[in-house]
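Undergrad: The following block contains the structure, expressed as structure tokens.
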Amino acid sequence: MDRTQIRTPHDLGGQVRRRRTELGLTQTEVADVSRVTLRFVSELENGKESAQLAGIQRVLAALGLDWYLERR
């Protein structure tokens, strides 16, 4: 299991982009599978702070990524 700490929207976007490219997928393909818009995927990867939680969850699921909360 590869764990990466996410502290900012930019961190999340970078990890989404990294995983998408590892899988050889385009933003359009991820958007289609995730039932979100291409714009949503683009803004998520660019760290835009207004991304909706439900959309983020669908994108992460499409890329085979899970997220966890950990108490510090």
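By order of appearance in the structure tokens: chains A, B, ..., then residues from 1 within every chain, and ligands from 1 in the order shown.
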Can you list every residue in chain A that DSSP puts in helix (DSSP H, G or I), as a PyMOL selection string?

TA: chain A and resi 9-22+27-34+38-45+53-62

Undergrad: For segment 70-72 of chain A, work out the shell of residues within 12 Å, counting only C-alpha atoms and skipping chain neighbours fewer than 2 positions away, then give it as a list in words.

TA: Arg3, Thr4, Gln5, Ile6, Arg7, Trp67 and Tyr68 of chain A

Undergrad: Give me the residues near segment 18-20 of chain A as a PyMOL selection string, where near means some atom within 9 Å (using only C-alpha atoms) and where sequence neighbours in that chain fewer than 5 positions away do not count.

TA: chain A and resi 13+25-27+30+63-65

Undergrad: Create the file for the chosen residues now, containing N, CA and C atoms and written as a tab-separated table (two decimals), in the first residue's frame.

TA:
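Output saved as selection23.tsv:
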```
chain	number	residue	atom	x	y	z
A	13	GLY	N	-4.78	17.06	-6.13
A	13	GLY	CA	-4.78	17.15	-7.59
A	13	GLY	C	-3.55	16.49	-8.20
A	25	LEU	N	-4.66	6.90	-18.75
A	25	LEU	CA	-5.98	7.43	-19.04
A	25	LEU	C	-5.92	8.92	-19.35
A	26	THR	N	-6.84	9.37	-20.18
A	26	THR	CA	-6.99	10.80	-20.43
A	26	THR	C	-7.94	11.38	-19.40
A	27	GLN	N	-7.94	12.69	-19.28
A	27	GLN	CA	-8.90	13.33	-18.39
A	27	GLN	C	-10.33	13.04	-18.85
A	30	VAL	N	-11.39	9.55	-17.67
A	30	VAL	CA	-11.68	9.56	-16.23
A	30	VAL	C	-13.02	10.24	-15.97
A	63	LEU	N	-10.16	5.71	-10.32
A	63	LEU	CA	-8.72	5.53	-10.42
A	63	LEU	C	-8.18	4.48	-9.46
A	64	GLY	N	-9.07	3.84	-8.71
A	64	GLY	CA	-8.64	2.80	-7.77
A	64	GLY	C	-7.93	3.37	-6.56
A	65	LEU	N	-8.31	4.58	-6.16
A	65	LEU	CA	-7.69	5.23	-5.01
A	65	LEU	C	-8.69	5.30	-3.86
```

Undergrad: Residues at most 6 Å from segment 35-49 of chain A, counting only C-alpha atoms, excluding those fewer than 5 positions away in the same chain, as number ranges by chain?

TA: A: 9-10, 13-14, 17, 28
